[in-house]
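Q: As input, take start-v8.tsv (TSV, C-alpha atoms):
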```
chain	number	residue	atom	x	y	z
A	16	MET	CA	-22.39	-4.44	-15.91
A	17	GLN	CA	-21.37	-5.63	-12.45
A	18	ILE	CA	-21.54	-9.28	-11.42
A	19	GLY	CA	-21.12	-10.62	-7.90
A	20	THR	CA	-20.06	-14.25	-7.53
A	21	GLU	CA	-19.23	-16.80	-4.87
A	22	ASN	CA	-17.55	-20.10	-5.73
A	23	GLN	CA	-18.19	-19.34	-9.41
A	24	PHE	CA	-21.96	-18.97	-8.89
A	25	ILE	CA	-23.51	-15.63	-9.81
A	26	LEU	CA	-25.21	-14.15	-6.76
A	27	GLY	CA	-26.30	-10.92	-8.36
A	28	TYR	CA	-25.78	-8.54	-11.20
A	29	SER	CA	-26.50	-4.92	-11.94
A	30	VAL	CA	-26.33	-2.65	-14.97
A	31	HIS	CA	-25.08	0.94	-14.69
A	32	GLN	CA	-24.63	3.92	-16.97
A	33	ARG	CA	-21.44	5.01	-15.27
A	34	PRO	CA	-18.02	5.20	-16.90
A	35	THR	CA	-16.03	3.80	-13.94
A	36	ASP	CA	-16.24	0.81	-11.63
A	37	THR	CA	-15.64	3.02	-8.60
A	38	ARG	CA	-19.11	4.56	-8.79
A	39	CYS	CA	-20.84	1.22	-9.46
A	40	LEU	CA	-19.84	-0.71	-6.34
A	41	ILE	CA	-22.29	0.83	-3.85
A	42	PRO	CA	-25.39	0.66	-6.08
A	43	HIS	CA	-24.41	-2.89	-7.07
A	44	LEU	CA	-24.04	-4.01	-3.45
A	45	GLU	CA	-27.29	-2.29	-2.48
A	46	LYS	CA	-29.09	-4.22	-5.24
A	47	VAL	CA	-27.46	-7.50	-4.16
A	48	LYS	CA	-28.50	-6.76	-0.56
A	49	SER	CA	-32.10	-6.11	-1.62
A	50	GLN	CA	-32.17	-9.38	-3.58
A	51	LEU	CA	-30.43	-11.59	-1.00
A	52	GLY	CA	-31.65	-9.85	2.13
A	53	LYS	CA	-28.15	-9.16	3.43
A	54	MET	CA	-24.87	-7.57	2.51
A	55	PRO	CA	-21.98	-9.88	1.59
A	56	GLY	CA	-19.67	-10.42	4.57
A	57	THR	CA	-16.55	-10.04	2.44
A	58	VAL	CA	-16.17	-8.01	-0.73
A	59	ILE	CA	-13.24	-8.77	-3.02
A	60	ALA	CA	-12.54	-6.33	-5.85
A	61	ASP	CA	-9.72	-4.93	-7.92
A	62	ALA	CA	-8.24	-1.44	-7.88
A	63	GLY	CA	-11.03	0.04	-9.98
A	64	TYR	CA	-13.22	-0.08	-6.87
A	65	GLY	CA	-10.74	1.24	-4.29
A	66	GLY	CA	-11.67	4.66	-3.02
A	67	GLU	CA	-12.68	6.39	0.19
A	68	GLU	CA	-16.41	6.33	-0.52
A	69	ASN	CA	-16.44	2.59	-1.23
A	70	TYR	CA	-14.19	1.71	1.71
A	71	ASP	CA	-16.35	3.83	4.02
A	72	PHE	CA	-19.53	2.17	2.73
A	73	LEU	CA	-18.07	-1.29	3.32
A	74	GLU	CA	-16.90	-0.35	6.80
A	75	GLN	CA	-20.32	1.12	7.68
A	76	ASN	CA	-21.96	-2.12	6.50
A	77	GLU	CA	-19.46	-4.24	8.44
A	78	ALA	CA	-18.17	-5.95	5.31
A	79	ILE	CA	-14.56	-7.07	5.11
A	80	ALA	CA	-12.95	-5.16	2.23
A	81	ILE	CA	-10.40	-7.08	0.19
A	82	VAL	CA	-10.33	-4.22	-2.29
A	83	LYS	CA	-7.19	-2.90	-3.92
A	84	TYR	CA	-6.65	0.83	-4.36
A	85	SER	CA	-5.14	2.47	-7.42
A	86	THR	CA	-1.53	2.53	-6.19
A	87	TYR	CA	-1.52	-0.87	-4.44
A	88	HIS	CA	0.83	-2.66	-6.87
A	89	ARG	CA	3.02	0.37	-7.64
A	90	GLU	CA	3.75	1.07	-3.96
A	91	LYS	CA	5.56	-2.26	-3.69
A	92	SER	CA	8.19	-1.14	-6.21
A	93	LYS	CA	11.56	0.26	-5.21
A	94	VAL	CA	10.89	3.33	-7.35
A	95	TRP	CA	7.75	4.12	-5.31
A	96	GLN	CA	9.39	3.37	-1.96
A	97	THR	CA	12.29	5.70	-2.67
A	98	ASP	CA	10.19	8.52	-4.16
A	99	ILE	CA	10.53	11.31	-1.60
A	100	SER	CA	7.58	13.21	-3.08
A	101	LYS	CA	5.10	10.53	-1.88
A	102	ILE	CA	3.61	11.17	1.54
A	103	ASP	CA	3.45	7.38	1.92
A	104	ASN	CA	7.19	7.67	2.51
A	105	TRP	CA	6.85	10.46	5.08
A	106	THR	CA	6.17	10.31	8.81
A	107	TYR	CA	2.97	11.56	10.37
A	108	ASN	CA	3.05	12.75	13.97
A	109	GLU	CA	-0.50	12.41	15.26
A	110	GLU	CA	0.19	14.22	18.53
A	111	GLN	CA	1.58	17.32	16.79
A	112	ASP	CA	-0.56	16.86	13.64
A	113	THR	CA	2.46	17.33	11.37
A	114	TRP	CA	4.02	15.49	8.45
A	115	THR	CA	7.80	15.20	8.16
A	116	CYS	CA	9.29	15.04	4.68
A	117	ALA	CA	12.49	13.26	3.60
A	118	ALA	CA	14.54	16.39	4.35
A	119	GLY	CA	13.25	16.47	7.93
A	120	GLN	CA	11.07	19.54	7.32
A	121	ASN	CA	7.74	19.59	9.19
A	122	LEU	CA	4.59	20.38	7.28
A	123	VAL	CA	2.09	21.96	9.64
A	124	PHE	CA	-1.68	21.93	9.52
A	125	ARG	CA	-3.15	25.00	7.79
A	126	ARG	CA	-6.84	24.38	7.13
A	127	GLU	CA	-9.59	21.92	6.31
A	128	SER	CA	-11.66	21.72	3.16
A	129	LYS	CA	-14.56	19.57	2.00
A	130	GLU	CA	-15.23	18.06	-1.39
A	131	LYS	CA	-18.39	16.33	-2.58
A	132	THR	CA	-18.33	13.47	-5.03
A	133	GLU	CA	-20.94	13.18	-7.79
A	134	SER	CA	-22.96	10.89	-5.53
A	135	GLY	CA	-22.95	13.48	-2.72
A	136	TYR	CA	-20.36	11.75	-0.51
A	137	GLU	CA	-18.32	14.31	1.41
A	138	ILE	CA	-14.55	13.97	1.65
A	139	GLN	CA	-12.79	16.01	4.30
A	140	HIS	CA	-9.24	17.10	3.48
A	141	ARG	CA	-6.59	18.48	5.79
A	142	HIS	CA	-4.06	20.84	4.23
A	143	TYR	CA	-0.45	21.03	5.41
A	144	ARG	CA	2.42	23.29	4.36
A	145	SER	CA	6.11	23.38	5.15
A	146	THR	CA	7.43	26.48	6.84
A	147	SER	CA	10.38	26.79	4.48
A	148	CYS	CA	11.60	24.75	1.53
A	149	GLU	CA	14.04	27.49	0.57
A	150	GLY	CA	17.52	26.08	0.05
A	151	CYS	CA	16.38	22.46	0.46
A	152	PRO	CA	18.65	20.17	-1.59
A	153	LEU	CA	15.75	17.71	-2.07
A	154	LYS	CA	13.16	20.23	-3.27
A	155	ALA	CA	13.49	19.40	-6.97
A	156	LYS	CA	12.73	15.73	-6.22
A	157	CYS	CA	9.94	16.61	-3.81
A	158	THR	CA	7.86	19.24	-5.60
A	159	LYS	CA	7.62	21.38	-8.72
A	160	ALA	CA	5.95	24.18	-6.77
A	161	GLU	CA	7.83	27.46	-6.60
A	162	GLY	CA	6.99	28.09	-2.94
A	163	ASN	CA	6.81	25.76	0.02
A	164	ARG	CA	5.53	22.20	-0.31
A	165	GLU	CA	1.83	21.75	0.36
A	166	ILE	CA	-0.15	18.54	0.70
A	167	LYS	CA	-3.86	17.76	0.94
A	168	VAL	CA	-4.76	14.60	2.85
A	169	SER	CA	-7.99	12.78	3.66
A	170	MET	CA	-7.16	11.21	7.01
A	171	LYS	CA	-10.17	8.90	6.70
A	172	TYR	CA	-9.00	7.61	3.32
A	173	LEU	CA	-5.48	7.18	4.65
A	174	ARG	CA	-6.84	5.08	7.55
A	175	LEU	CA	-9.12	3.02	5.29
A	176	LYS	CA	-6.36	2.49	2.72
A	177	ASN	CA	-3.98	1.30	5.46
A	178	GLN	CA	-6.65	-1.17	6.64
A	179	ALA	CA	-7.12	-2.41	3.07
A	180	ARG	CA	-3.35	-2.81	2.64
A	181	GLU	CA	-3.12	-4.90	5.82
A	182	LYS	CA	-6.00	-7.14	4.74
A	183	LEU	CA	-4.65	-7.53	1.19
A	184	ARG	CA	-1.20	-8.50	2.48
A	185	SER	CA	-2.55	-10.96	5.03
A	186	GLU	CA	-2.53	-14.67	4.22
A	187	GLU	CA	-6.32	-14.78	4.04
A	188	GLY	CA	-6.53	-11.60	1.95
A	189	TYR	CA	-3.98	-12.88	-0.54
A	190	ALA	CA	-5.81	-16.22	-0.87
A	191	LEU	CA	-9.14	-14.44	-1.44
A	192	ALA	CA	-7.63	-12.09	-4.03
A	193	VAL	CA	-6.16	-15.08	-5.90
A	194	ARG	CA	-9.53	-16.83	-5.77
A	195	ARG	CA	-11.18	-13.72	-7.22
A	196	MET	CA	-8.80	-13.83	-10.19
A	197	ILE	CA	-9.81	-17.44	-10.84
A	198	GLU	CA	-13.54	-16.70	-10.55
A	199	GLN	CA	-13.20	-13.69	-12.83
A	200	ILE	CA	-12.21	-15.84	-15.80
```
Could you express the structure from this file as structure tokens?
A:
Amino acid sequence: MQIGTENQFILGYSVHQRPTDTRCLIPHLEKVKSQLGKMPGTVIADAGYGGEENYDFLEQNEAIAIVKYSTYHREKSKVWQTDISKIDNWTYNEEQDTWTCAAGQNLVFRRESKEKTESGYEIQHRHYRSTSCEGCPLKAKCTKAEGNREIKVSMKYLRLKNQAREKLRSEEGYALAVRRMIEQI
């Protein structure tokens, strides 16, 4: 069951036979929109709802997304910020379309692939690979792969996640997230 509130008043609810919150957000918001005649201007939700499909839907419907993603709280930790295997700690060069790892090795674009979610949403991934991880002193901390390091990235999700992070860390975003916790009780 999904419930949408504002100032502790229930604006809408929906019932779903889905095991995760992630796949309930869009149908819930579509039902709320059909009942109220418009989409909420701001959507506040916890990490169970953070994902590319939901962020994209909110962006397409011009709703402000104060929606955490699965790693939002963990990425603030020192352990996360010093983990060289996370591409969040790497540098992306848009002009050259390369990623640079902690050892300074460039991962170059290799190919694109597409993946469809159960709802039919298409995610486009870009695949990158280093030219040589052989002899790298950081390899054991970076990857368990025997060959060169490879990554698969959805550039759209990366952009949407960065937008969500900025909004969540803003003064207004923080205040709204705190208010959501109070209304949830």
Q: Counting all atoms listed in the file, which of A:Leu26, A:Leu191, A:Ala179, A:Met16 gets nearest to Lys53 (chain A)?
A: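 Smallest distance to Lys53 (chain A) is found for A:Leu26.
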Q: Neighbouring residues of region 63-69 of chain A were defined as those with any atom within 8 Å, considering only C-alpha atoms; residues of the same chain fewer than 2 positions away were excluded. Please report them as a count of residues only.
A: 21
Q: For Asn104 (chain A), please output as a ChimeraX atom specification all residues within 9 Å (counting all atoms listed in the file; exclusion window: fewer than 6 positions along the same chain).
A: /A:95-98,116-117
Q: The selected residues should be written to file as a short mmCIF file (atom, residue, chain, number, x, y, z; two decimals), in the coordinates of the input (atoms: C-alpha atoms).
A:
```
data_model
loop_
_atom_site.label_atom_id
_atom_site.label_comp_id
_atom_site.auth_asym_id
_atom_site.auth_seq_id
_atom_site.Cartn_x
_atom_site.Cartn_y
_atom_site.Cartn_z
CA TRP A 95 7.75 4.12 -5.31
CA GLN A 96 9.39 3.37 -1.96
CA THR A 97 12.29 5.70 -2.67
CA ASP A 98 10.19 8.52 -4.16
CA CYS A 116 9.29 15.04 4.68
CA ALA A 117 12.49 13.26 3.60
#
```
Q: Counting all atoms listed in the file, find the residues whose atoms lie at most 10 Å from (-4.8, 27.6, 8.7) (file coordinates) and write them out as a list in words.
A: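 Every polymer residue passing the test: Val123, Phe124, Arg125, Arg126, Glu127, Arg141, His142, Tyr143 and Arg144 of chain A.
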Q: Select, from A:Cys39, A:Cys148, A:Leu153, A:Val58, the residue with the minimum atom-to-atom distance to Glu165 (chain A), counting all atoms listed in the file.
A: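 Smallest separation from Glu165 (chain A) among the options: A:Cys148.
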Q: Pick from A:Arg174, A:Lys131, A:Lys159, A:Arg184: nearest to Glu74 (chain A), with all atoms listed in the file counted?
A: A:Arg174
Q: Find the residue from A:Lys156, A:Ser128, A:Thr146, A:Gly188 that sits nearest to Trp114 (chain A); use all atoms listed in the file when measuring.
A: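 With all atoms listed in the file as the atom set, the closest residue is A:Thr146.
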Q: Between CA of Arg164 (chain A) and CA of Ser147 (chain A), what is the distance in Å, rounded to a tenth?
A: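 CA of Arg164 (chain A) sits 8.2 Å away from CA of Ser147 (chain A).
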Q: Between A:Ala118, A:Tyr107, A:Ser134, A:Lys182, single out the one closest to Cys151 (chain A), counting only C-alpha atoms.
A: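 For Cys151 (chain A), the nearest of the candidates is A:Ala118.
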Q: Please compute the CA of Ser29 (chain A)-CA of His43 (chain A) distance, one decimal, in Å.
A: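 CA of His43 (chain A) lies 5.7 Å from CA of Ser29 (chain A).
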Q: Can you tell me how far CA of Ser100 (chain A) sits from CA of Tyr70 (chain A), in Å to one decimal?
A: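 According to the coordinates, CA of Ser100 (chain A) and CA of Tyr70 (chain A) are separated by 25.1 Å.
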Q: Quick one: of A:Pro152, A:Asp103, A:Ile81, A:Leu51, who's nearest to Tyr189 (chain A), counting all atoms listed in the file?
A: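 Closest to Tyr189 (chain A), using all atoms listed in the file: A:Ile81.
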Q: Near Ile18 (chain A), within 10 Å and counting all atoms listed in the file, which residues show up once chain neighbours fewer than 3 positions away are dropped, as number ranges by chain?
A: A: 25-30, 43-44, 47, 199
